[in-house]
file my_file-v5.pdb (PDB, C-alpha atoms)
ATOM      1  CA  MET A  23     188.277 -27.727  88.831
ATOM      2  CA  LYS A  24     187.751 -25.137  91.576
ATOM      3  CA  ASN A  25     186.457 -22.651  89.014
ATOM      4  CA  LEU A  26     184.008 -25.270  87.681
ATOM      5  CA  LYS A  27     182.703 -26.039  91.183
ATOM      6  CA  ARG A  28     182.373 -22.328  91.876
ATOM      7  CA  ALA A  29     180.479 -21.791  88.629
ATOM      8  CA  LEU A  30     178.153 -24.701  89.391
ATOM      9  CA  SER A  31     177.512 -23.341  92.899
ATOM     10  CA  LEU A  32     176.632 -19.902  91.515
ATOM     11  CA  LEU A  33     174.312 -21.504  88.961
ATOM     12  CA  VAL A  34     172.511 -23.475  91.677
ATOM     13  CA  ILE A  35     172.112 -20.325  93.794
ATOM     14  CA  ALA A  36     170.763 -18.398  90.811
ATOM     15  CA  LEU A  37     168.245 -21.145  90.071
ATOM     16  CA  LEU A  38     167.133 -21.214  93.701
ATOM     17  CA  ILE A  39     166.651 -17.436  93.735
ATOM     18  CA  THR A  40     164.630 -17.636  90.517
ATOM     19  CA  ALA A  41     162.509 -20.461  91.929
ATOM     20  CA  LEU A  42     161.868 -18.577  95.177
ATOM     21  CA  ALA A  43     160.910 -15.450  93.250
ATOM     22  CA  ALA A  44     158.540 -17.469  91.129
ATOM     23  CA  CYS A  45     156.939 -18.925  94.259
ATOM     24  CA  GLY A  46     156.417 -15.442  95.711
ATOM     25  CA  SER A  47     154.629 -13.952  92.713
ATOM     26  CA  LYS A  48     151.808 -15.384  90.687
ATOM     27  CA  SER A  49     151.248 -14.866  87.003
ATOM     28  CA  GLN A  50     148.321 -12.750  85.818
ATOM     29  CA  GLN A  51     146.415 -15.863  84.814
ATOM     30  CA  ASP A  52     147.007 -17.429  88.244
ATOM     31  CA  VAL A  53     145.659 -14.316  89.966
ATOM     32  CA  LEU A  54     142.604 -14.117  87.699
ATOM     33  CA  SER A  55     141.828 -17.791  88.232
ATOM     34  CA  ASP A  56     142.180 -17.465  92.012
ATOM     35  CA  LEU A  57     140.034 -14.327  92.007
ATOM     36  CA  GLU A  58     137.180 -16.122  90.285
ATOM     37  CA  GLY A  59     137.435 -18.996  92.744
ATOM     38  CA  THR A  60     137.510 -16.674  95.758
ATOM     39  CA  MET A  61     134.435 -14.741  94.634
ATOM     40  CA  LYS A  62     132.445 -17.920  93.992
ATOM     41  CA  LYS A  63     133.232 -19.345  97.452
ATOM     42  CA  MET A  64     132.743 -16.080  99.365
ATOM     43  CA  SER A  65     129.442 -15.773 101.257
ATOM     44  CA  GLY A  66     129.901 -12.080 102.017
ATOM     45  CA  TYR A  67     132.230  -9.681 103.809
ATOM     46  CA  LYS A  68     132.675  -6.671 106.068
ATOM     47  CA  ALA A  69     135.091  -3.938 105.019
ATOM     48  CA  GLU A  70     136.234  -0.558 106.291
ATOM     49  CA  ALA A  71     137.937   2.054 104.132
ATOM     50  CA  THR A  72     138.879   5.705 103.838
ATOM     51  CA  MET A  73     137.981   7.493 100.613
ATOM     52  CA  THR A  74     139.602  10.787  99.628
ATOM     53  CA  LEU A  75     137.909  12.796  96.875
ATOM     54  CA  GLN A  76     139.859  15.291  94.766
ATOM     55  CA  THR A  77     137.007  16.217  92.424
ATOM     56  CA  GLY A  78     136.639  19.736  93.852
ATOM     57  CA  GLU A  79     138.845  22.573  95.062
ATOM     58  CA  GLN A  80     140.031  20.773  98.200
ATOM     59  CA  PRO A  81     140.367  17.085  99.074
ATOM     60  CA  ILE A  82     137.710  15.662 101.396
ATOM     61  CA  THR A  83     137.992  12.331 103.208
ATOM     62  CA  TYR A  84     135.135   9.993 104.099
ATOM     63  CA  GLU A  85     134.973   6.910 106.274
ATOM     64  CA  ILE A  86     133.204   3.987 104.616
ATOM     65  CA  GLU A  87     131.830   0.783 106.095
ATOM     66  CA  VAL A  88     130.522  -1.943 103.789
ATOM     67  CA  TRP A  89     128.534  -5.067 104.649
ATOM     68  CA  HIS A  90     127.605  -7.559 101.961
ATOM     69  CA  LYS A  91     125.662 -10.782 102.305
ATOM     70  CA  LYS A  92     125.234 -12.884  99.197
ATOM     71  CA  PRO A  93     123.437 -12.762  96.960
ATOM     72  CA  SER A  94     122.071  -9.218  97.132
ATOM     73  CA  PHE A  95     122.014  -7.723 100.652
ATOM     74  CA  TYR A  96     124.112  -4.558 101.098
ATOM     75  CA  ARG A  97     124.737  -1.907 103.723
ATOM     76  CA  VAL A  98     127.092   0.953 102.796
ATOM     77  CA  SER A  99     127.705   3.739 105.329
ATOM     78  CA  LEU A 100     129.367   7.001 104.202
ATOM     79  CA  LYS A 101     130.528   9.432 106.896
ATOM     80  CA  ASN A 102     132.406  12.715 106.979
ATOM     81  CA  ALA A 103     133.117  13.389 110.650
ATOM     82  CA  GLU A 104     134.239  17.002 110.146
ATOM     83  CA  LYS A 105     130.850  17.988 108.717
ATOM     84  CA  ASP A 106     128.648  15.604 110.722
ATOM     85  CA  GLN A 107     127.513  14.205 107.415
ATOM     86  CA  SER A 108     126.199  10.669 107.132
ATOM     87  CA  GLN A 109     124.370   8.715 104.474
ATOM     88  CA  MET A 110     123.593   5.052 103.977
ATOM     89  CA  ILE A 111     122.648   2.754 101.119
ATOM     90  CA  LEU A 112     120.700  -0.390 101.991
ATOM     91  CA  ARG A 113     119.576  -3.222  99.796
ATOM     92  CA  ASN A 114     117.395  -5.978 101.214
ATOM     93  CA  SER A 115     114.425  -8.092 100.158
ATOM     94  CA  GLU A 116     112.147  -4.994 100.167
ATOM     95  CA  GLY A 117     114.220  -2.951  97.713
ATOM     96  CA  VAL A 118     116.977  -0.340  97.719
ATOM     97  CA  PHE A 119     116.994   2.448 100.325
ATOM     98  CA  VAL A 120     118.957   5.678 100.616
ATOM     99  CA  LEU A 121     118.962   7.002 104.196
ATOM    100  CA  THR A 122     119.914  10.517 105.326
ATOM    101  CA  PRO A 123     119.666  10.276 109.140
ATOM    102  CA  ALA A 124     120.092  13.985 109.971
ATOM    103  CA  LEU A 125     116.987  14.800 107.884
ATOM    104  CA  ASN A 126     115.094  11.666 108.943
ATOM    105  CA  LYS A 127     114.803  11.092 105.218
ATOM    106  CA  SER A 128     114.640   7.747 103.464
ATOM    107  CA  PHE A 129     113.930   6.833  99.869
ATOM    108  CA  ARG A 130     112.855   3.402  98.728
ATOM    109  CA  PHE A 131     112.789   2.506  95.069
ATOM    110  CA  GLN A 132     113.297  -0.362  92.681
ATOM    111  CA  SER A 133     116.826  -0.406  91.306
ATOM    112  CA  GLU A 134     119.449  -2.708  89.879
ATOM    113  CA  TRP A 135     122.094  -1.127  92.121
ATOM    114  CA  PRO A 136     124.919  -2.056  92.356
ATOM    115  CA  GLU A 137     124.920  -4.186  89.194
ATOM    116  CA  ASN A 138     124.312  -1.289  86.806
ATOM    117  CA  SER A 139     127.678   0.479  87.317
ATOM    118  CA  SER A 140     131.085   0.212  88.996
ATOM    119  CA  GLN A 141     131.308   0.971  92.724
ATOM    120  CA  VAL A 142     134.726   1.972  94.047
ATOM    121  CA  TYR A 143     134.062   0.673  97.586
ATOM    122  CA  LEU A 144     132.517  -2.732  96.727
ATOM    123  CA  MET A 145     134.933  -5.672  96.518
ATOM    124  CA  GLU A 146     132.927  -7.671  94.002
ATOM    125  CA  SER A 147     132.497  -4.634  91.745
ATOM    126  CA  LEU A 148     136.239  -4.002  91.623
ATOM    127  CA  VAL A 149     137.007  -7.663  90.987
ATOM    128  CA  SER A 150     134.397  -7.688  88.225
ATOM    129  CA  ASP A 151     136.081  -4.683  86.579
ATOM    130  CA  ILE A 152     139.356  -6.625  86.569
ATOM    131  CA  LEU A 153     137.892  -9.848  85.201
ATOM    132  CA  ASN A 154     135.821  -8.147  82.494
ATOM    133  CA  ASP A 155     138.569  -5.954  81.017
ATOM    134  CA  ASP A 156     140.453  -7.896  78.357
ATOM    135  CA  GLU A 157     142.829  -4.947  77.884
ATOM    136  CA  ARG A 158     143.811  -4.672  81.562
ATOM    137  CA  ASN A 159     147.449  -4.140  82.555
ATOM    138  CA  PHE A 160     149.028  -6.296  85.252
ATOM    139  CA  LYS A 161     152.055  -5.843  87.491
ATOM    140  CA  ALA A 162     153.276  -7.900  90.437
ATOM    141  CA  GLY A 163     154.515  -5.537  93.166
ATOM    142  CA  GLU A 164     156.196  -6.161  96.497
ATOM    143  CA  LYS A 165     153.004  -5.756  98.526
ATOM    144  CA  GLY A 166     150.372  -6.786  96.012
ATOM    145  CA  TYR A 167     149.177  -7.323  92.489
ATOM    146  CA  VAL A 168     148.331  -4.172  90.573
ATOM    147  CA  PHE A 169     145.749  -3.981  87.770
ATOM    148  CA  ASN A 170     144.954  -0.998  85.577
ATOM    149  CA  THR A 171     141.467  -1.312  84.113
ATOM    150  CA  LYS A 172     138.715   0.564  82.351
ATOM    151  CA  THR A 173     135.879   1.934  84.463
ATOM    152  CA  ASN A 174     132.101   1.886  84.367
ATOM    153  CA  TYR A 175     131.389   4.772  86.757
ATOM    154  CA  GLN A 176     128.438   7.113  86.313
ATOM    155  CA  ASN A 177     130.787  10.105  86.439
ATOM    156  CA  LYS A 178     132.458  10.231  83.013
ATOM    157  CA  ASN A 179     135.505  12.058  84.452
ATOM    158  CA  LEU A 180     136.421   8.834  86.304
ATOM    159  CA  TYR A 181     138.195   7.395  83.291
ATOM    160  CA  GLN A 182     140.692   4.763  84.487
ATOM    161  CA  GLN A 183     141.498   2.978  87.724
ATOM    162  CA  GLU A 184     144.415   1.270  89.431
ATOM    163  CA  ILE A 185     143.383  -1.590  91.730
ATOM    164  CA  THR A 186     145.900  -3.141  94.115
ATOM    165  CA  LEU A 187     145.111  -6.622  95.444
ATOM    166  CA  ASP A 188     146.503  -7.933  98.720
ATOM    167  CA  LYS A 189     148.909 -10.818  98.006
ATOM    168  CA  SER A 190     147.483 -13.136 100.638
ATOM    169  CA  SER A 191     143.724 -12.562 100.395
ATOM    170  CA  LEU A 192     143.642 -11.281  96.784
ATOM    171  CA  MET A 193     141.049  -8.725  97.883
ATOM    172  CA  PRO A 194     141.397  -5.032  96.918
ATOM    173  CA  SER A 195     143.574  -3.060  99.346
ATOM    174  CA  LYS A 196     143.911   0.208  97.411
ATOM    175  CA  VAL A 197     142.058   1.862  94.535
ATOM    176  CA  LYS A 198     142.965   4.985  92.604
ATOM    177  CA  VAL A 199     140.563   6.375  90.003
ATOM    178  CA  MET A 200     141.991   8.839  87.483
ATOM    179  CA  ASP A 201     140.771  11.212  84.801
ATOM    180  CA  LYS A 202     141.999  11.173  81.191
ATOM    181  CA  ASP A 203     145.113  13.126  82.223
ATOM    182  CA  MET A 204     145.893  10.459  84.862
ATOM    183  CA  LYS A 205     145.156  12.866  87.724
ATOM    184  CA  VAL A 206     143.903  10.931  90.765
ATOM    185  CA  LEU A 207     140.334  12.009  91.594
ATOM    186  CA  VAL A 208     139.357   9.234  94.023
ATOM    187  CA  ASP A 209     141.740   7.425  96.389
ATOM    188  CA  VAL A 210     140.405   4.518  98.478
ATOM    189  CA  LYS A 211     142.371   2.600 101.105
ATOM    190  CA  PHE A 212     140.790  -0.478 102.700
ATOM    191  CA  LYS A 213     141.745  -0.837 106.377
ATOM    192  CA  ASN A 214     139.914  -3.939 107.577
ATOM    193  CA  THR A 215     138.322  -6.664 105.515
ATOM    194  CA  LYS A 216     136.659  -9.715 107.017
ATOM    195  CA  MET A 217     135.760 -12.372 104.486
ATOM    196  CA  ASN A 218     132.733 -14.656 104.937
ATOM    197  CA  ALA A 219     131.365 -12.495 107.762
ATOM    198  CA  LYS A 220     128.169 -13.739 109.408
ATOM    199  CA  PHE A 221     124.990 -11.642 109.274
ATOM    200  CA  ASP A 222     121.368 -11.938 110.241
ATOM    201  CA  ASP A 223     118.718 -10.353 108.009
ATOM    202  CA  GLY A 224     117.856  -7.814 110.715
ATOM    203  CA  GLN A 225     121.218  -6.129 110.186
ATOM    204  CA  PHE A 226     119.943  -4.937 106.799
ATOM    205  CA  ASP A 227     116.557  -3.700 108.078
ATOM    206  CA  MET A 228     115.797  -0.093 107.118
ATOM    207  CA  GLU A 229     114.178   1.086 110.372
ATOM    208  CA  ARG A 230     116.813  -0.566 112.545
ATOM    209  CA  ASN A 231     119.634   1.082 110.586
ATOM    210  CA  MET A 232     117.939   4.487 110.562
ATOM    211  CA  GLU A 233     117.537   4.417 114.341
ATOM    212  CA  GLY A 234     121.149   3.328 114.830
ATOM    213  CA  ALA A 235     122.482   6.014 112.497
ATOM    214  CA  GLN A 236     120.464   8.751 114.219
ATOM    215  CA  LEU A 237     122.128   7.899 117.524
ATOM    216  CA  GLU A 238     125.442   8.835 115.889
ATOM    217  CA  VAL A 239     124.150  11.769 113.814
ATOM    218  CA  PRO A 240     121.170  13.388 115.609
ATOM    219  CA  THR A 241     118.212  14.608 113.547
ATOM    220  CA  MET A 242     118.679  18.220 112.501
ATOM    221  CA  ALA A 243     116.460  20.686 114.384
ATOM    222  CA  SER A 244     114.908  23.709 112.718
ATOM    223  CA  SER A 245     116.855  25.993 115.063
ATOM    224  CA  GLU A 246     120.077  24.648 113.554
ATOM    225  CA  GLU A 247     119.230  25.908 110.069
ATOM    226  CA  LYS A 248     121.710  28.461 108.737
ATOM    227  CA  ALA A 249     121.462  31.038 105.979
ATOM    228  CA  LEU A 250     121.839  29.309 102.649
ATOM    229  CA  THR A 251     125.157  29.918 100.893
ATOM    230  CA  PRO A 252     125.035  28.944  97.205
ATOM    231  CA  VAL A 253     127.371  26.228  95.961
ATOM    232  CA  PHE A 254     128.658  26.450  92.400
ATOM    233  CA  PRO A 255     129.865  23.514  90.283
ATOM    234  CA  ASN A 256     133.583  23.342  89.502
ATOM    235  CA  TYR A 257     132.793  21.420  86.335
ATOM    236  CA  VAL A 258     130.585  22.972  83.650
ATOM    237  CA  PRO A 259     130.371  21.545  80.107
ATOM    238  CA  GLU A 260     132.261  23.529  77.473
ATOM    239  CA  GLY A 261     130.110  26.147  75.771
ATOM    240  CA  THR A 262     127.901  26.657  78.857
ATOM    241  CA  ALA A 263     128.166  29.384  81.524
ATOM    242  CA  LEU A 264     126.286  30.857  84.484
ATOM    243  CA  LEU A 265     123.541  33.170  83.204
ATOM    244  CA  ASN A 266     121.619  34.092  86.351
ATOM    245  CA  GLN A 267     121.635  33.669  90.142
ATOM    246  CA  LEU A 268     118.361  34.259  91.971
ATOM    247  CA  ALA A 269     117.635  34.010  95.720
ATOM    248  CA  ASN A 270     114.203  34.228  97.347
ATOM    249  CA  ASN A 271     113.322  36.789 100.031
ATOM    250  CA  ASP A 272     113.585  34.287 102.895
ATOM    251  CA  GLY A 273     117.139  33.376 101.945
ATOM    252  CA  ASP A 274     116.425  29.642 102.037
ATOM    253  CA  GLU A 275     116.438  28.991  98.273
ATOM    254  CA  VAL A 276     118.818  29.814  95.428
ATOM    255  CA  ILE A 277     118.328  29.119  91.718
ATOM    256  CA  LEU A 278     121.358  29.012  89.390
ATOM    257  CA  THR A 279     120.633  29.116  85.655
ATOM    258  CA  TYR A 280     123.303  28.014  83.179
ATOM    259  CA  ALA A 281     122.862  28.694  79.463
ATOM    260  CA  GLY A 282     124.711  27.694  76.315
ATOM    261  CA  ASP A 283     125.273  24.475  74.387
ATOM    262  CA  GLN A 284     123.985  22.362  77.310
ATOM    263  CA  SER A 285     121.691  24.468  79.472
ATOM    264  CA  PHE A 286     120.710  23.415  82.978
ATOM    265  CA  THR A 287     119.291  24.711  86.260
ATOM    266  CA  ILE A 288     120.417  24.029  89.825
ATOM    267  CA  ILE A 289     117.986  24.655  92.691
ATOM    268  CA  GLN A 290     119.384  24.734  96.229
ATOM    269  CA  ARG A 291     116.855  24.717  99.043
ATOM    270  CA  GLN A 292     117.124  24.558 102.830
ATOM    271  CA  ALA A 293     116.112  20.999 103.699
ATOM    272  CA  VAL A 294     113.135  20.236 105.915
ATOM    273  CA  VAL A 295     113.290  17.360 108.373
ATOM    274  CA  THR A 296     110.914  14.626 107.239
ATOM    275  CA  PRO A 297     108.293  13.512 109.825
ATOM    276  CA  ALA A 298     109.151  10.192 111.440
ATOM    277  CA  THR A 299     106.022   8.552 110.050
ATOM    278  CA  LYS A 300     106.668   9.539 106.429
ATOM    279  CA  MET A 301     108.431   7.355 103.867
ATOM    280  CA  LEU A 302     109.296   8.643 100.411
ATOM    281  CA  THR A 303     108.883   5.868  97.831
ATOM    282  CA  MET A 304     110.070   6.032  94.254
ATOM    283  CA  ASP A 305     108.993   3.476  91.688
ATOM    284  CA  GLU A 306     111.370   4.920  89.118
ATOM    285  CA  GLY A 307     114.853   6.284  89.568
ATOM    286  CA  ASN A 308     118.491   5.276  89.709
ATOM    287  CA  LEU A 309     121.135   5.689  92.367
ATOM    288  CA  VAL A 310     123.955   8.007  91.324
ATOM    289  CA  ASP A 311     127.190   7.798  93.313
ATOM    290  CA  LEU A 312     128.463  11.364  93.681
ATOM    291  CA  GLY A 313     131.316  10.348  95.956
ATOM    292  CA  PHE A 314     130.389  12.669  98.835
ATOM    293  CA  ALA A 315     126.708  11.703  98.667
ATOM    294  CA  VAL A 316     124.221   9.459  96.933
ATOM    295  CA  GLY A 317     121.942  11.119  94.409
ATOM    296  CA  VAL A 318     118.700   9.946  92.855
ATOM    297  CA  LEU A 319     118.220  10.347  89.102
ATOM    298  CA  SER A 320     114.585  10.471  88.054
ATOM    299  CA  GLY A 321     113.810  11.468  84.489
ATOM    300  CA  LYS A 322     115.677  14.682  83.730
ATOM    301  CA  THR A 323     116.339  15.583  87.379
ATOM    302  CA  LEU A 324     119.194  14.592  89.677
ATOM    303  CA  SER A 325     118.607  15.286  93.381
ATOM    304  CA  TRP A 326     120.707  14.876  96.535
ATOM    305  CA  SER A 327     120.969  16.210 100.101
ATOM    306  CA  VAL A 328     124.096  17.403 101.914
ATOM    307  CA  ASN A 329     124.536  19.264 105.198
ATOM    308  CA  GLY A 330     120.894  20.269 105.516
ATOM    309  CA  VAL A 331     120.494  21.438 101.912
ATOM    310  CA  ASP A 332     118.491  19.768  99.127
ATOM    311  CA  TYR A 333     119.923  20.062  95.619
ATOM    312  CA  TYR A 334     118.091  19.606  92.321
ATOM    313  CA  LEU A 335     119.871  19.595  88.965
ATOM    314  CA  ALA A 336     117.495  19.651  85.996
ATOM    315  CA  SER A 337     118.169  19.693  82.256
ATOM    316  CA  ASN A 338     116.639  18.529  78.984
ATOM    317  CA  GLU A 339     120.022  18.635  77.257
ATOM    318  CA  LEU A 340     122.585  17.112  79.639
ATOM    319  CA  THR A 341     123.461  13.418  79.477
ATOM    320  CA  GLU A 342     123.274  11.382  82.692
ATOM    321  CA  GLU A 343     127.084  11.280  82.728
ATOM    322  CA  ASP A 344     127.324  15.087  82.524
ATOM    323  CA  MET A 345     124.744  15.502  85.272
ATOM    324  CA  ALA A 346     126.767  13.197  87.528
ATOM    325  CA  ALA A 347     129.993  15.062  86.698
ATOM    326  CA  ILE A 348     128.445  18.480  87.475
ATOM    327  CA  ALA A 349     126.920  17.295  90.761
ATOM    328  CA  SER A 350     130.142  15.535  91.811
ATOM    329  CA  SER A 351     132.096  18.776  91.313
ATOM    330  CA  MET A 352     129.904  20.597  93.854
ATOM    331  CA  MET A 353     131.320  18.866  96.903
ATOM    332  CA  SER A 354     134.331  21.059  97.716
ATOM    333  CA  THR A 355     132.412  23.914  99.339
ATOM    334  CA  GLN A 356     129.552  21.853 100.767
ATOM    335  CA  GLY A 357     128.753  22.886 104.293
ATOM    336  CA  LYS A 358     131.081  25.897 104.409
TER
END
call {"tool": "encode", "arguments": {"input": "my_file-v5.pdb", "output": "structure tokens"}}
result
Amino acid sequence: MKNLKRALSLLVIALLITALAACGSKSQQDVLSDLEGTMKKMSGYKAEATMTLQTGEQPITYEIEVWHKKPSFYRVSLKNAEKDQSQMILRNSEGVFVLTPALNKSFRFQSEWPENSSQVYLMESLVSDILNDDERNFKAGEKGYVFNTKTNYQNKNLYQQEITLDKSSLMPSKVKVMDKDMKVLVDVKFKNTKMNAKFDDGQFDMERNMEGAQLEVPTMASSEEKALTPVFPNYVPEGTALLNQLANNDGDEVILTYAGDQSFTIIQRQAVVTPATKMLTMDEGNLVDLGFAVGVLSGKTLSWSVNGVDYYLASNELTEEDMAAIASSMMSTQGK
């Protein structure tokens, strides 16, 4: 009789433990259903994160701040404190802007950003990648729910991603993006996320944000210009190699010519501070997320600015994905 009572007691305890474990972890379908509900109810958010890039020779870390107000207002600030580098993406009722405060440079153009590709620092983009991948893998961990999904990044080397959702809020807390060999190239950790944050439209105004950013990163003066040191890509398509390197007499421009199966040219030029009254407007062009900077793809040319240098990558043979991969691999020696 004692043995029977003991066996029954152990069975009850086992059932209780199983029930408690079940209460602590949701099934994949539960998480997906809750995610959809959360995104529909959410009016916007503020988020802070650190992003470490391993796409070059040495890892580089950036501080990111994201504001989003539904349906389509965005403010994304990218900063690298060690190099005094700052860039901002704005989307408001007037269009999409890319701001480079140190050069007093701003581009405005019509774009579908961020709907046209995945964005590693946008909550709704990451959630969309989870919901839209029917072949995703799911695991319930101690601190969150982990999904492995396909990617839709402009850089073709960013092949697969691991997204960890916070158990309480179900919002992304960590993201790792890997190449085909499962090497981590991008590592994002969200530090603070405030759901349903309140905004006024002025917080997404271009001029107001440019002025605020320039208080933190002063406009570059001509006296601060340094001799131009060429930057070479760490990724070059197979069958293509550097053919020629040419610098002008003033030392403020370098042209790299690559020849082979997929020929291309990279022009690097000392940037000039744009006059305060001038606005560069582009009717055509797409934003390209290079990780360390935001590039603009127009026709067969991809351009970006980093640490007082303008870069232009041009080719009639490269795909957009290859252009993004080449440009992304040029970040390790930027500013040295």
call {"tool": "resolve_selection", "arguments": {"input": "my_file-v5.pdb", "expression": "the PyMOL selection byres ((chain A and resi 257-265) around 9)", "output": "list in words"}}
result
Gly78, Phe254, Pro255, Asn256, Asn266, Gln267, Leu278, Thr279, Tyr280, Ala281, Gly282, Asp283, Gln284, Ser285, Phe286, Leu340, Asp344, Ala347, Ile348, Ala349, Ser350, Ser351 and Met352 of chain A
call {"tool": "write_last_selection", "arguments": {"input": "my_file-v5.pdb", "atoms": "C-alpha atoms", "output": "mmCIF file, in the frame of the given file"}}
result
data_model
loop_
_atom_site.group_PDB
_atom_site.id
_atom_site.type_symbol
_atom_site.label_atom_id
_atom_site.label_comp_id
_atom_site.auth_asym_id
_atom_site.auth_seq_id
_atom_site.Cartn_x
_atom_site.Cartn_y
_atom_site.Cartn_z
ATOM 1 C CA GLY A 78 136.639 19.736 93.852
ATOM 2 C CA PHE A 254 128.658 26.450 92.400
ATOM 3 C CA PRO A 255 129.865 23.514 90.283
ATOM 4 C CA ASN A 256 133.583 23.342 89.502
ATOM 5 C CA ASN A 266 121.619 34.092 86.351
ATOM 6 C CA GLN A 267 121.635 33.669 90.142
ATOM 7 C CA LEU A 278 121.358 29.012 89.390
ATOM 8 C CA THR A 279 120.633 29.116 85.655
ATOM 9 C CA TYR A 280 123.303 28.014 83.179
ATOM 10 C CA ALA A 281 122.862 28.694 79.463
ATOM 11 C CA GLY A 282 124.711 27.694 76.315
ATOM 12 C CA ASP A 283 125.273 24.475 74.387
ATOM 13 C CA GLN A 284 123.985 22.362 77.310
ATOM 14 C CA SER A 285 121.691 24.468 79.472
ATOM 15 C CA PHE A 286 120.710 23.415 82.978
ATOM 16 C CA LEU A 340 122.585 17.112 79.639
ATOM 17 C CA ASP A 344 127.324 15.087 82.524
ATOM 18 C CA ALA A 347 129.993 15.062 86.698
ATOM 19 C CA ILE A 348 128.445 18.480 87.475
ATOM 20 C CA ALA A 349 126.920 17.295 90.761
ATOM 21 C CA SER A 350 130.142 15.535 91.811
ATOM 22 C CA SER A 351 132.096 18.776 91.313
ATOM 23 C CA MET A 352 129.904 20.597 93.854
#
call {"tool": "closest_residue", "arguments": {"input": "my_file-v5.pdb", "among": "A:Asn218, A:Ser190, A:Thr251, A:Asn138", "to": "Gln176 of chain A", "atoms": "all atoms listed in the file"}}
result
A:Asn138
call {"tool": "closest_residue", "arguments": {"input": "my_file-v5.pdb", "among": "A:Gly117, A:Gly66, A:Pro93, A:Gly313", "to": "Tyr175 of chain A", "atoms": "all atoms listed in the file"}}
result
A:Gly313
call {"tool": "closest_residue", "arguments": {"input": "my_file-v5.pdb", "among": "A:Val210, A:Leu121, A:Leu180, A:Met193", "to": "Ala71 of chain A", "atoms": "all atoms listed in the file"}}
result
A:Val210
call {"tool": "atom_distance", "arguments": {"input": "my_file-v5.pdb", "atom1": "atom CA of Arg97 of chain A", "atom2": "atom CA of Met200 of chain A"}}
result
26.0 Å
call {"tool": "resolve_selection", "arguments": {"input": "my_file-v5.pdb", "expression": "the PyMOL selection byres ((chain A and resi 324) around 10)", "output": "MDAnalysis selection string"}}
result
chainID A and resid 288 307:310 317:323 325:326 333:337 342 345:346 349
call {"tool": "atom_distance", "arguments": {"input": "my_file-v5.pdb", "atom1": "atom CA of Phe226 of chain A", "atom2": "atom CA of Leu192 of chain A"}}
result
26.5 Å
call {"tool": "closest_residue", "arguments": {"input": "my_file-v5.pdb", "among": "A:Val294, A:Leu153, A:Met110, A:Val168", "to": "Gly59 of chain A", "atoms": "all atoms listed in the file"}}
result
A:Leu153
call {"tool": "atom_distance", "arguments": {"input": "my_file-v5.pdb", "atom1": "atom CA of Ala219 of chain A", "atom2": "atom CA of Tyr143 of chain A"}}
result
16.9 Å
call {"tool": "closest_residue", "arguments": {"input": "my_file-v5.pdb", "among": "A:Arg158, A:Asp223, A:Pro252, A:Gln109", "to": "Leu312 of chain A", "atoms": "only C-alpha atoms"}}
result
A:Gln109
call {"tool": "resolve_selection", "arguments": {"input": "my_file-v5.pdb", "expression": "the PyMOL selection byres ((chain A and resi 203) around 10)", "output": "PyMOL selection string"}}
result
chain A and resi 179+181-182+200-202+204-206
call {"tool": "closest_residue", "arguments": {"input": "my_file-v5.pdb", "among": "A:Gly224, A:Val253, A:Tyr167, A:Met145", "to": "Lys48 of chain A", "atoms": "all atoms listed in the file"}}
result
A:Tyr167
call {"tool": "residues_around", "arguments": {"input": "my_file-v5.pdb", "residues": "Phe314 of chain A", "least_positions_apart": "3", "cutoff": "10 Å", "atoms": "only C-alpha atoms", "output": "JSON, numbers by chain"}}
result
{"A": [73, 74, 75, 77, 82, 83, 84, 100, 101, 102, 107, 108, 109, 311, 317, 328, 349, 350, 351, 352, 353, 354, 356]}
call {"tool": "residues_around", "arguments": {"input": "my_file-v5.pdb", "residues": "segment 228-237 of chain A", "least_positions_apart": "4", "cutoff": "10 Å", "atoms": "all atoms listed in the file", "output": "list in words"}}
result
Arg97, Ser99, Ser108, Gln109, Met110, Ile111, Leu112, Arg113, Asn114, Glu116, Gly117, Val118, Phe119, Val120, Leu121, Thr122, Pro123, Ala124, Leu125, Asn126, Lys127, Ser128, Arg130, Gly224, Thr241 and Met242 of chain A
call {"tool": "write_last_selection", "arguments": {"input": "my_file-v5.pdb", "atoms": "C-alpha atoms", "output": "JSON list (two decimals), in the coordinates of the input"}}
result
[["chain", "number", "residue", "atom", "x", "y", "z"],
["A", 97, "ARG", "CA", 124.74, -1.91, 103.72],
["A", 99, "SER", "CA", 127.70, 3.74, 105.33],
["A", 108, "SER", "CA", 126.20, 10.67, 107.13],
["A", 109, "GLN", "CA", 124.37, 8.72, 104.47],
["A", 110, "MET", "CA", 123.59, 5.05, 103.98],
["A", 111, "ILE", "CA", 122.65, 2.75, 101.12],
["A", 112, "LEU", "CA", 120.70, -0.39, 101.99],
["A", 113, "ARG", "CA", 119.58, -3.22, 99.80],
["A", 114, "ASN", "CA", 117.40, -5.98, 101.21],
["A", 116, "GLU", "CA", 112.15, -4.99, 100.17],
["A", 117, "GLY", "CA", 114.22, -2.95, 97.71],
["A", 118, "VAL", "CA", 116.98, -0.34, 97.72],
["A", 119, "PHE", "CA", 116.99, 2.45, 100.32],
["A", 120, "VAL", "CA", 118.96, 5.68, 100.62],
["A", 121, "LEU", "CA", 118.96, 7.00, 104.20],
["A", 122, "THR", "CA", 119.91, 10.52, 105.33],
["A", 123, "PRO", "CA", 119.67, 10.28, 109.14],
["A", 124, "ALA", "CA", 120.09, 13.98, 109.97],
["A", 125, "LEU", "CA", 116.99, 14.80, 107.88],
["A", 126, "ASN", "CA", 115.09, 11.67, 108.94],
["A", 127, "LYS", "CA", 114.80, 11.09, 105.22],
["A", 128, "SER", "CA", 114.64, 7.75, 103.46],
["A", 130, "ARG", "CA", 112.86, 3.40, 98.73],
["A", 224, "GLY", "CA", 117.86, -7.81, 110.72],
["A", 241, "THR", "CA", 118.21, 14.61, 113.55],
["A", 242, "MET", "CA", 118.68, 18.22, 112.50]]
